$ cat entry_2.txt   # compact mmCIF, C-alpha atoms and all ligand atoms
# COMPACT_ATOMS: atom_id res chain seq x y z
CA MET A 1 121.86 149.37 97.63
CA LEU A 2 121.43 152.52 95.50
CA LYS A 3 117.71 153.15 95.03
CA THR A 4 117.51 154.95 91.69
CA GLU A 5 114.68 154.19 89.35
CA ALA A 6 115.15 153.61 85.62
CA VAL A 7 111.86 155.43 84.89
CA ASP A 8 110.01 158.36 86.44
CA VAL A 9 107.73 156.26 88.63
CA GLU A 10 106.02 159.24 90.26
CA ARG A 11 104.97 160.61 86.89
CA ILE A 12 103.95 157.18 85.59
CA ARG A 13 101.83 156.47 88.67
CA ARG A 14 99.78 159.59 87.96
CA ASP A 15 98.73 157.98 84.63
CA PHE A 16 96.98 155.11 86.48
CA PRO A 17 93.79 156.32 88.16
CA ILE A 18 93.32 153.12 90.18
CA LEU A 19 96.59 153.73 92.03
CA LYS A 20 94.94 156.69 93.77
CA ARG A 21 92.51 154.46 95.62
CA THR A 22 92.92 153.04 99.06
CA VAL A 23 92.22 149.50 100.26
CA HIS A 24 91.20 149.05 103.91
CA GLY A 25 92.22 152.67 104.42
CA LYS A 26 95.77 152.05 103.16
CA ARG A 27 97.55 153.11 99.97
CA LEU A 28 97.00 150.45 97.28
CA VAL A 29 100.25 148.52 96.71
CA TYR A 30 99.50 146.49 93.62
CA LEU A 31 101.90 143.57 93.23
CA ASP A 32 99.72 141.17 91.24
CA ASN A 33 100.79 142.24 87.77
CA ALA A 34 101.48 138.72 86.50
CA ALA A 35 97.75 138.03 86.97
CA THR A 36 96.68 141.27 85.31
CA THR A 37 98.05 144.79 85.09
CA GLN A 38 96.39 148.13 85.78
CA LYS A 39 95.39 150.42 82.92
CA PRO A 40 96.69 153.91 82.19
CA GLN A 41 94.21 156.70 81.51
CA ALA A 42 95.23 156.66 77.83
CA VAL A 43 93.92 153.09 77.47
CA ILE A 44 90.69 153.87 79.35
CA ASP A 45 90.23 156.99 77.19
CA SER A 46 90.70 155.00 73.98
CA LEU A 47 87.76 152.75 74.95
CA VAL A 48 85.52 155.68 75.85
CA ASP A 49 86.55 157.46 72.66
CA TYR A 50 85.64 154.47 70.48
CA TYR A 51 82.22 154.00 72.11
CA SER A 52 81.38 157.69 72.24
CA ARG A 53 82.69 158.83 68.85
CA TYR A 54 82.94 156.06 66.25
CA ASN A 55 81.37 152.85 67.55
CA SER A 56 80.60 150.73 64.50
CA ASN A 57 81.27 147.29 63.11
CA VAL A 58 84.47 146.71 61.13
CA HIS A 59 85.22 145.45 57.61
CA ARG A 60 81.62 145.60 56.44
CA SER A 61 80.21 149.12 56.40
CA VAL A 62 81.10 151.86 53.93
CA HIS A 63 79.76 154.65 56.15
CA THR A 64 82.12 157.01 57.94
CA LEU A 65 81.86 155.40 61.35
CA GLY A 66 82.48 151.95 59.89
CA GLU A 67 85.55 153.20 58.07
CA GLU A 68 86.91 154.94 61.14
CA ALA A 69 86.38 151.84 63.28
CA THR A 70 88.04 149.61 60.65
CA ALA A 71 91.01 151.95 60.37
CA ALA A 72 91.43 152.02 64.16
CA TYR A 73 91.06 148.22 64.49
CA GLU A 74 93.54 147.49 61.71
CA GLY A 75 95.79 150.28 62.99
CA ALA A 76 95.87 148.49 66.35
CA ARG A 77 96.81 145.23 64.64
CA GLY A 78 99.73 147.01 62.97
CA LYS A 79 100.88 148.49 66.29
CA VAL A 80 100.68 145.15 68.09
CA ALA A 81 102.55 143.39 65.28
CA ARG A 82 105.34 146.01 65.16
CA PHE A 83 105.66 145.90 68.96
CA VAL A 84 106.82 142.28 68.78
CA GLY A 85 108.66 142.39 65.44
CA ALA A 86 105.89 140.59 63.51
CA ARG A 87 103.85 141.32 60.39
CA ALA A 88 100.22 142.46 60.59
CA ASN A 89 99.04 139.67 58.29
CA GLU A 90 100.53 137.10 60.67
CA THR A 91 98.83 138.67 63.72
CA VAL A 92 95.48 137.20 64.72
CA PHE A 93 93.45 138.97 67.40
CA VAL A 94 92.20 136.47 69.99
CA ARG A 95 90.78 136.75 73.52
CA GLY A 96 94.19 136.10 75.06
CA THR A 97 96.92 133.52 75.45
CA THR A 98 94.46 130.78 76.35
CA GLU A 99 92.42 131.26 73.21
CA ALA A 100 95.61 131.43 71.15
CA THR A 101 96.87 128.02 72.28
CA ASN A 102 93.41 126.52 71.81
CA LEU A 103 93.23 128.00 68.33
CA VAL A 104 96.50 126.25 67.47
CA ARG A 105 95.24 123.05 69.08
CA PHE A 106 92.17 122.99 66.82
CA ALA A 107 93.23 124.72 63.64
CA TRP A 108 96.76 123.28 63.43
CA GLY A 109 96.56 120.23 65.67
CA GLU A 110 93.45 118.58 64.28
CA LYS A 111 95.00 118.54 60.83
CA GLN A 112 98.65 117.85 61.64
CA VAL A 113 98.68 115.51 64.63
CA LYS A 114 98.13 111.81 64.00
CA LYS A 115 97.75 108.69 66.13
CA GLY A 116 101.04 107.73 67.77
CA ASP A 117 102.59 111.21 67.45
CA LEU A 118 104.56 112.72 70.30
CA LEU A 119 103.81 116.19 71.70
CA LEU A 120 106.12 117.97 74.16
CA ALA A 121 105.46 120.62 76.77
CA THR A 122 107.60 121.66 79.75
CA ARG A 123 107.03 121.43 83.46
CA MET A 124 107.16 125.21 83.84
CA GLU A 125 104.07 125.79 81.69
CA HIS A 126 100.88 127.56 82.68
CA HIS A 127 97.87 125.25 82.30
CA SER A 128 96.91 127.12 79.13
CA ASN A 129 99.99 125.65 77.43
CA ILE A 130 99.38 122.14 78.79
CA VAL A 131 95.67 121.33 78.81
CA PRO A 132 95.05 122.06 75.08
CA TRP A 133 97.83 119.59 74.24
CA GLN A 134 96.43 116.98 76.64
CA LEU A 135 93.06 117.33 74.92
CA LEU A 136 94.68 117.13 71.50
CA ALA A 137 96.72 114.07 72.48
CA LYS A 138 93.59 112.39 73.80
CA SER A 139 91.48 113.10 70.73
CA LYS A 140 94.22 111.96 68.35
CA GLY A 141 95.74 109.04 70.22
CA ALA A 142 99.03 110.95 70.55
CA THR A 143 101.32 111.08 73.61
CA LEU A 144 102.20 114.15 75.65
CA LYS A 145 105.55 114.20 77.46
CA PHE A 146 107.17 116.89 79.60
CA VAL A 147 110.63 118.43 79.63
CA GLY A 148 111.65 118.84 83.28
CA ILE A 149 113.41 121.65 85.11
CA THR A 150 116.72 121.79 86.93
CA PRO A 151 116.95 122.49 90.69
CA ASP A 152 117.87 126.13 89.93
CA GLY A 153 114.63 126.62 87.97
CA ASN A 154 115.86 126.39 84.37
CA LEU A 155 114.75 124.11 81.57
CA ASP A 156 116.54 120.78 81.70
CA MET A 157 118.36 121.05 78.37
CA GLU A 158 119.65 117.48 78.51
CA GLU A 159 116.13 116.16 78.86
CA LEU A 160 114.99 118.52 76.10
CA ASP A 161 117.66 117.13 73.76
CA ARG A 162 116.75 113.57 74.68
CA LEU A 163 113.03 114.09 74.09
CA LEU A 164 113.64 115.99 70.86
CA GLY A 165 115.52 112.85 69.79
CA GLU A 166 112.13 111.07 69.82
CA SER A 167 110.98 113.27 66.88
CA PRO A 168 108.05 115.14 68.47
CA LYS A 169 105.48 116.86 66.34
CA LEU A 170 105.19 119.84 68.67
CA LEU A 171 107.15 121.62 71.37
CA ALA A 172 105.05 123.96 73.54
CA PHE A 173 107.11 126.11 75.90
CA THR A 174 106.99 129.40 77.70
CA HIS A 175 109.19 132.40 77.00
CA CYS A 176 108.98 133.32 80.67
CA SER A 177 107.64 131.32 83.64
CA ASN A 178 104.84 132.98 85.61
CA VAL A 179 106.15 131.34 88.81
CA LEU A 180 109.92 130.99 88.54
CA GLY A 181 110.39 134.10 86.43
CA THR A 182 112.83 132.06 84.31
CA ILE A 183 113.40 133.55 80.86
CA ASN A 184 113.99 130.80 78.32
CA ASP A 185 116.35 131.16 75.39
CA VAL A 186 113.55 130.97 72.84
CA ALA A 187 115.75 131.23 69.74
CA ASN A 188 117.99 128.38 70.86
CA VAL A 189 115.17 126.08 72.02
CA SER A 190 113.11 126.75 68.90
CA ARG A 191 116.12 126.09 66.66
CA LYS A 192 116.69 122.73 68.36
CA ALA A 193 112.98 121.89 68.01
CA HIS A 194 112.97 122.74 64.32
CA LYS A 195 116.05 120.57 63.74
CA ALA A 196 114.08 117.72 65.30
CA GLY A 197 111.14 118.48 62.98
CA ALA A 198 108.85 119.91 65.69
CA THR A 199 106.54 122.90 65.39
CA THR A 200 106.95 125.41 68.24
CA VAL A 201 104.21 127.13 70.24
CA VAL A 202 105.60 129.76 72.58
CA ASP A 203 103.70 131.34 75.47
CA GLY A 204 104.61 135.02 75.61
CA ALA A 205 102.08 136.00 78.30
CA GLN A 206 104.82 136.97 80.78
CA SER A 207 107.43 138.20 78.32
CA VAL A 208 105.79 140.70 75.94
CA PRO A 209 104.51 142.84 78.86
CA HIS A 210 107.90 143.03 80.57
CA PHE A 211 110.80 143.18 78.12
CA PRO A 212 111.49 143.81 74.42
CA VAL A 213 110.49 140.87 72.23
CA ASP A 214 111.60 140.70 68.61
CA LEU A 215 109.96 137.73 66.94
CA SER A 216 111.88 138.33 63.73
CA ALA A 217 114.96 137.08 65.63
CA LEU A 218 113.33 134.18 67.49
CA ASP A 219 112.38 131.73 64.74
CA VAL A 220 109.17 130.45 66.35
CA ASP A 221 106.08 129.07 64.60
CA PHE A 222 103.37 130.33 66.96
CA TYR A 223 103.64 132.97 69.68
CA ALA A 224 100.80 133.95 72.04
CA PHE A 225 100.18 136.80 74.48
CA SER A 226 97.42 138.62 76.39
CA GLY A 227 96.60 142.33 76.29
CA HIS A 228 95.43 142.59 79.90
CA LYS A 229 98.89 141.69 81.23
CA MET A 230 100.49 144.55 79.24
CA LEU A 231 98.38 147.49 80.48
CA GLY A 232 95.65 146.76 77.89
CA PRO A 233 92.02 145.70 78.28
CA THR A 234 90.80 142.20 79.10
CA GLY A 235 89.38 139.99 76.36
CA ILE A 236 92.03 140.78 73.74
CA GLY A 237 95.40 139.29 72.88
CA ALA A 238 97.30 138.04 69.89
CA LEU A 239 98.44 134.87 68.23
CA ILE A 240 101.35 135.45 65.88
CA GLY A 241 101.80 132.61 63.42
CA ARG A 242 104.07 131.88 60.51
CA LYS A 243 102.13 132.90 57.39
CA ALA A 244 102.57 129.59 55.57
CA LEU A 245 101.30 127.68 58.61
CA LEU A 246 98.31 129.99 59.09
CA GLU A 247 97.42 129.61 55.42
CA ASP A 248 97.61 125.85 55.57
CA MET A 249 95.44 125.63 58.70
CA ASP A 250 91.70 125.05 58.76
CA PRO A 251 89.54 127.74 60.40
CA TYR A 252 89.07 127.71 64.15
CA GLU A 253 85.47 128.95 64.24
CA GLY A 254 82.98 129.30 61.41
CA GLY A 255 80.71 132.29 60.85
CA GLY A 256 80.67 135.77 59.39
CA GLU A 257 83.80 137.53 58.10
CA MET A 258 86.04 134.45 58.08
CA ILE A 259 84.66 133.30 54.72
CA ARG A 260 85.22 134.33 51.11
CA GLU A 261 82.17 132.53 49.66
CA VAL A 262 79.49 130.31 51.17
CA PHE A 263 77.63 127.68 49.14
CA ASP A 264 75.04 125.16 50.26
CA ASP A 265 77.57 122.41 50.79
CA HIS A 266 80.88 124.16 51.38
CA SER A 267 82.60 127.49 51.93
CA THR A 268 85.90 129.07 51.02
CA TRP A 269 88.01 131.06 53.45
CA ASN A 270 89.02 134.66 53.81
CA ASP A 271 92.73 135.57 53.83
CA VAL A 272 94.73 135.24 57.04
CA PRO A 273 94.42 136.67 59.64
CA TYR A 274 90.67 137.23 58.97
CA LYS A 275 90.13 133.50 58.44
CA PHE A 276 90.61 133.13 62.20
CA GLU A 277 88.49 136.10 63.30
CA ALA A 278 84.91 134.85 62.92
CA GLY A 279 81.94 137.05 63.76
CA THR A 280 82.03 140.54 65.21
CA VAL A 281 85.47 140.95 66.69
CA ASN A 282 86.47 142.67 69.93
CA ILE A 283 86.91 146.06 68.29
CA ALA A 284 87.06 148.29 71.36
CA ASP A 285 89.59 146.18 73.24
CA ALA A 286 91.82 145.74 70.19
CA ILE A 287 91.93 149.54 69.92
CA GLY A 288 92.63 149.69 73.66
CA LEU A 289 95.50 147.24 73.22
CA GLY A 290 96.89 149.51 70.51
CA ALA A 291 96.77 152.37 73.03
CA ALA A 292 98.60 150.20 75.60
CA VAL A 293 101.30 149.47 73.02
CA ASP A 294 101.64 153.23 72.37
CA TYR A 295 101.94 153.85 76.10
CA LEU A 296 104.60 151.17 76.63
CA THR A 297 106.47 152.33 73.53
CA SER A 298 106.51 155.90 74.84
CA ILE A 299 108.28 154.66 77.99
CA GLY A 300 110.47 152.16 76.10
CA MET A 301 110.46 148.42 76.77
CA ASP A 302 114.17 148.47 77.55
CA LYS A 303 113.41 150.99 80.33
CA VAL A 304 110.52 148.84 81.60
CA ARG A 305 112.91 145.89 81.77
CA GLU A 306 115.66 147.87 83.49
CA HIS A 307 113.15 149.19 86.04
CA GLU A 308 111.93 145.68 86.82
CA ILE A 309 115.48 144.31 87.16
CA ARG A 310 116.28 147.02 89.73
CA LEU A 311 113.08 146.31 91.65
CA LEU A 312 113.83 142.60 91.53
CA ASP A 313 117.37 143.13 92.88
CA TYR A 314 116.00 145.32 95.65
CA ALA A 315 113.20 142.88 96.47
CA ARG A 316 115.61 139.96 96.63
CA GLU A 317 117.98 141.83 98.90
CA THR A 318 115.14 143.11 101.09
CA LEU A 319 113.38 139.76 101.37
CA SER A 320 116.65 137.87 101.97
CA LYS A 321 116.66 139.55 105.40
CA VAL A 322 113.34 137.91 106.29
CA LYS A 323 114.12 134.72 108.20
CA GLY A 324 112.24 131.68 106.88
CA LEU A 325 111.44 133.17 103.48
CA HIS A 326 112.31 131.00 100.49
CA VAL A 327 112.34 132.41 96.93
CA TYR A 328 111.94 130.13 93.87
CA GLY A 329 113.64 130.45 90.50
CA PRO A 330 117.04 131.47 89.11
CA GLU A 331 119.39 133.60 91.26
CA ASP A 332 120.46 136.10 88.62
CA SER A 333 117.91 138.90 87.99
CA LYS A 334 119.13 139.18 84.39
CA GLU A 335 117.88 135.62 83.77
CA ARG A 336 114.43 136.23 85.17
CA SER A 337 111.54 138.62 84.89
CA GLY A 338 110.09 140.99 87.46
CA LEU A 339 108.28 138.60 89.74
CA ILE A 340 109.11 136.72 92.91
CA ALA A 341 107.34 133.53 94.00
CA PHE A 342 108.12 132.59 97.58
CA ASN A 343 107.02 130.73 100.66
CA TYR A 344 107.33 132.12 104.15
CA ALA A 345 108.05 129.54 106.85
CA ASP A 346 104.87 127.50 107.24
CA VAL A 347 102.50 130.43 106.80
CA HIS A 348 99.98 129.36 104.16
CA PRO A 349 100.16 131.64 101.08
CA HIS A 350 96.42 132.35 101.35
CA ASP A 351 96.82 133.49 104.96
CA LEU A 352 99.74 135.69 103.99
CA ALA A 353 97.78 137.21 101.07
CA THR A 354 94.84 137.93 103.40
CA ILE A 355 97.04 139.67 105.97
CA LEU A 356 98.76 141.68 103.23
CA ASP A 357 95.37 142.68 101.82
CA GLU A 358 94.53 144.28 105.16
CA GLU A 359 97.60 146.45 104.57
CA GLY A 360 96.39 147.42 101.08
CA ILE A 361 98.91 145.08 99.42
CA ALA A 362 97.70 142.86 96.57
CA ILE A 363 99.75 139.74 95.85
CA ARG A 364 98.72 136.39 94.38
CA SER A 365 98.67 133.15 96.30
CA GLY A 366 97.94 129.66 95.06
CA HIS A 367 99.20 127.30 92.37
CA HIS A 368 99.30 130.04 89.69
CA CYS A 369 97.69 127.69 87.13
CA ALA A 370 100.94 125.72 87.13
CA GLN A 371 100.19 122.56 89.10
CA PRO A 372 102.81 120.33 87.37
CA LEU A 373 105.41 122.94 88.35
CA MET A 374 104.12 123.05 91.95
CA ARG A 375 104.72 119.29 92.13
CA CYS A 376 108.31 119.78 90.90
CA LEU A 377 108.81 122.39 93.63
CA ASN A 378 107.21 120.03 96.13
CA VAL A 379 104.65 122.60 97.27
CA SER A 380 100.92 122.99 96.74
CA ALA A 381 101.02 126.79 96.56
CA THR A 382 103.29 129.82 96.75
CA SER A 383 102.92 133.55 97.28
CA ARG A 384 103.86 135.72 94.32
CA ALA A 385 104.70 139.42 94.09
CA SER A 386 104.96 140.66 90.52
CA PHE A 387 105.99 144.10 89.30
CA HIS A 388 105.31 146.51 86.48
CA VAL A 389 106.45 149.94 85.53
CA TYR A 390 104.39 151.79 88.20
CA ASN A 391 105.82 149.84 91.14
CA SER A 392 108.39 151.48 93.37
CA TYR A 393 110.95 150.63 96.02
CA ASP A 394 108.34 151.80 98.56
CA ASP A 395 106.02 149.02 97.40
CA ILE A 396 108.70 146.46 98.22
CA ASP A 397 109.33 148.02 101.63
CA ALA A 398 105.56 147.79 102.26
CA LEU A 399 105.61 144.15 101.20
CA LYS A 400 108.41 143.36 103.63
CA GLN A 401 106.61 145.11 106.49
CA GLY A 402 103.41 143.21 105.68
CA ILE A 403 105.30 139.91 105.69
CA MET A 404 106.87 140.79 109.06
CA LYS A 405 103.38 141.51 110.42
CA ALA A 406 102.23 138.06 109.26
CA GLY A 407 105.37 136.63 110.88
CA ALA A 408 104.40 138.24 114.20
CA ILE A 409 100.83 136.88 113.96
CA PHE A 410 101.99 133.36 113.09
CA LYS A 411 104.96 133.49 115.49
CA VAL A 412 107.54 132.68 112.79
C1 LIG N 501 102.60 132.24 81.57
C2 LIG N 501 101.12 132.41 81.33
N1 LIG N 501 100.58 131.83 80.27
C3 LIG N 501 99.28 131.94 79.99
C4 LIG N 501 98.43 132.66 80.80
C5 LIG N 501 96.99 132.72 80.45
O1 LIG N 501 96.64 134.01 80.04
P1 LIG N 501 95.12 134.39 79.78
O2 LIG N 501 94.37 134.02 81.03
O3 LIG N 501 95.17 135.87 79.56
O4 LIG N 501 94.66 133.63 78.59
C6 LIG N 501 98.95 133.27 81.94
C7 LIG N 501 98.05 134.01 82.86
O5 LIG N 501 98.23 134.03 84.04
C8 LIG N 501 100.34 133.16 82.20
O6 LIG N 501 100.88 133.74 83.28

$ encode --input "entry_2.txt" --output "structure tokens"
Amino acid sequence: MLKTEAVDVERIRRDFPILKRTVHGKRLVYLDNAATTQKPQAVIDSLVDYYSRYNSNVHRSVHTLGEEATAAYEGARGKVARFVGARANETVFVRGTTEATNLVRFAWGEKQVKKGDLLLATRMEHHSNIVPWQLLAKSKGATLKFVGITPDGNLDMEELDRLLGESPKLLAFTHCSNVLGTINDVANVSRKAHKAGATTVVDGAQSVPHFPVDLSALDVDFYAFSGHKMLGPTGIGALIGRKALLEDMDPYEGGGEMIREVFDDHSTWNDVPYKFEAGTVNIADAIGLGAAVDYLTSIGMDKVREHEIRLLDYARETLSKVKGLHVYGPEDSKERSGLIAFNYADVHPHDLATILDEEGIAIRSGHHCAQPLMRCLNVSATSRASFHVYNSYDDIDALKQGIMKAGAIFKV
């Protein structure tokens, strides 16, 4: 296989200070990007710059620092919105994907979902797109049902159609599975859901960081993602919501900034998105997320995607030579994102991850916060190697060598 990279990996790697470190005396090979990504110097600098030059609260102070902080915070909102083809006034800053789905659960669900209603999720969801709906179903006396997956790791479209025929109130589904890598046809699924009268909540935690997403073409109601998985800081992410829905929703949390007026017995609400951003917001990390968006934009998301597809093809070919290694998810790299979940003979994923760590290689092992999916796959855990733009073919060679070492230890 021709090993040409779609981006200048050597140059990009120099932007990530952490990649210079060693682990157990070995070069760090970081393949746990689906859990969280590393941060380029530009993102780190943006945090230091905010705290050392214009740290101040936003939206409330007329002094220079307050105005600079507000401009940077709102500038970041604009960048994040444009990055995914959304409008700034439909973009709510939240802690991450988990807070986004919980916000929808409370602010939309408490008002809209009634006793006897049906809610749908899929069996390839992360727990953050399951548990909020379980809690909502329980508190409202509604029912939660699941759309299954096919043996090749795709959504079972026949089951989806059948369950949509039961007129659900909500369909919660992922754009991209954090285990199978499967990329769902969001526009098509959302269109079907809308025809059935359902509101859609889409988990973009593994899509926005890895390939171009244009929400203006996807026709979804709510879309959630996390900054830390897209080279940004932890503690910041976004919920994009349809303006009319956001306006109709009750607030999520009460406090400062989310109000227009407060009386003894009631309050009125600020405009969206501020209605959902109570208290002092995460100013520094929102600015850092804006810097991450600038960084990714300067590379180009189509290039990021192309790079990951090539790594994925190489990884699949390389790992296919390892006897006893089973990879989960769709065959075609164009239908999946840059991650590989696998099991290696009967070596426990935690043992494999520990042996790889001794070689400086970071992968994830476990259920990946997707236990219903683990049951579908008939396993309790898998190993997972996940890529981003600073990974190279060498990283995959190192992974294979590490796996072979584990094979020798466990006599596979
Ligand atoms: C598909 C998917 N959804 C949601 C999440 C939750 O993201 P966060 O922990 O940033 O809220 C993750 C994180 O692993 C994920 O992979």

$ residues_around --input "entry_2.txt" --residues "stretch 1-16 of chain A" --least-positions-apart "4" --cutoff "12 Å" --atoms "all atoms listed in the file" --output "NGL selection string"
:A and (20-21 or 28-30 or 37-45 or 231 or 292 or 295-296 or 298-318 or 388-397)

$ closest_residue --input "entry_2.txt" --among "A:Ala142, A:Ala291, A:Cys176, A:Met157" --to "A:Val213" --atoms "only C-alpha atoms"
A:Cys176

$ residues_near_ligand --input "entry_2.txt" --ligand "ligand LIG 501 (chain N)" --cutoff "9 Å" --atoms "all atoms listed in the file" --output "MDAnalysis selection string"
chainID A and resid 34:36 95:101 124:129 174:179 203:207 224:229 234:237 368:370

$ closest_residue --input "entry_2.txt" --among "A:Asn154, A:Asn89, A:Asn33, A:Gln134" --to "A:Ala385" --atoms "only C-alpha atoms"
A:Asn33

$ atom_distance --input "entry_2.txt" --atom1 "atom CA of A:Glu90" --atom2 "atom CA of A:Ala244"
9.3 Å

$ closest_residue --input "entry_2.txt" --among "A:Val48, A:Leu377, A:Val104, A:Leu399" --to "A:Met249" --atoms "only C-alpha atoms"
A:Val104

$ atom_distance --input "entry_2.txt" --atom1 "atom CA of A:Arg123" --atom2 "atom CA of A:Leu160"
11.2 Å

$ atom_distance --input "entry_2.txt" --atom1 "atom CA of A:Leu339" --atom2 "atom CA of A:Arg384"
7.0 Å

$ closest_residue --input "entry_2.txt" --among "A:Ala86, A:Ala217, A:Val186, A:Val58" --to "A:Thr280" --atoms "all atoms listed in the file"
A:Val58

$ residues_around --input "entry_2.txt" --residues "A:Asn57" --least-positions-apart "2" --cutoff "10 Å" --atoms "all atoms listed in the file" --output "PyMOL selection string"
chain A and resi 54-55+59-61+65-70+73+280-283

$ write_last_selection --input "entry_2.txt" --atoms "C-alpha atoms" --output "compact mmCIF listing (two decimals), keeping the file's coordinate frame"
# COMPACT_ATOMS: atom_id res chain seq x y z
CA TYR A 54 82.94 156.06 66.25
CA ASN A 55 81.37 152.85 67.55
CA HIS A 59 85.22 145.45 57.61
CA ARG A 60 81.62 145.60 56.44
CA SER A 61 80.21 149.12 56.40
CA LEU A 65 81.86 155.40 61.35
CA GLY A 66 82.48 151.95 59.89
CA GLU A 67 85.55 153.20 58.07
CA GLU A 68 86.91 154.94 61.14
CA ALA A 69 86.38 151.84 63.28
CA THR A 70 88.04 149.61 60.65
CA TYR A 73 91.06 148.22 64.49
CA THR A 280 82.03 140.54 65.21
CA VAL A 281 85.47 140.95 66.69
CA ASN A 282 86.47 142.67 69.93
CA ILE A 283 86.91 146.06 68.29

$ residues_near_point --input "entry_2.txt" --point "(113.9, 133.9, 108.8)" --cutoff "12 Å" --atoms "all atoms listed in the file" --output "NGL selection string"
:A and (319-326 or 343-346 or 403-404 or 407-408 or 411-412)

$ closest_residue --input "entry_2.txt" --among "A:Trp133, A:Trp108, A:Trp269, A:Phe211" --to "A:Arg242" --atoms "all atoms listed in the file"
A:Trp108
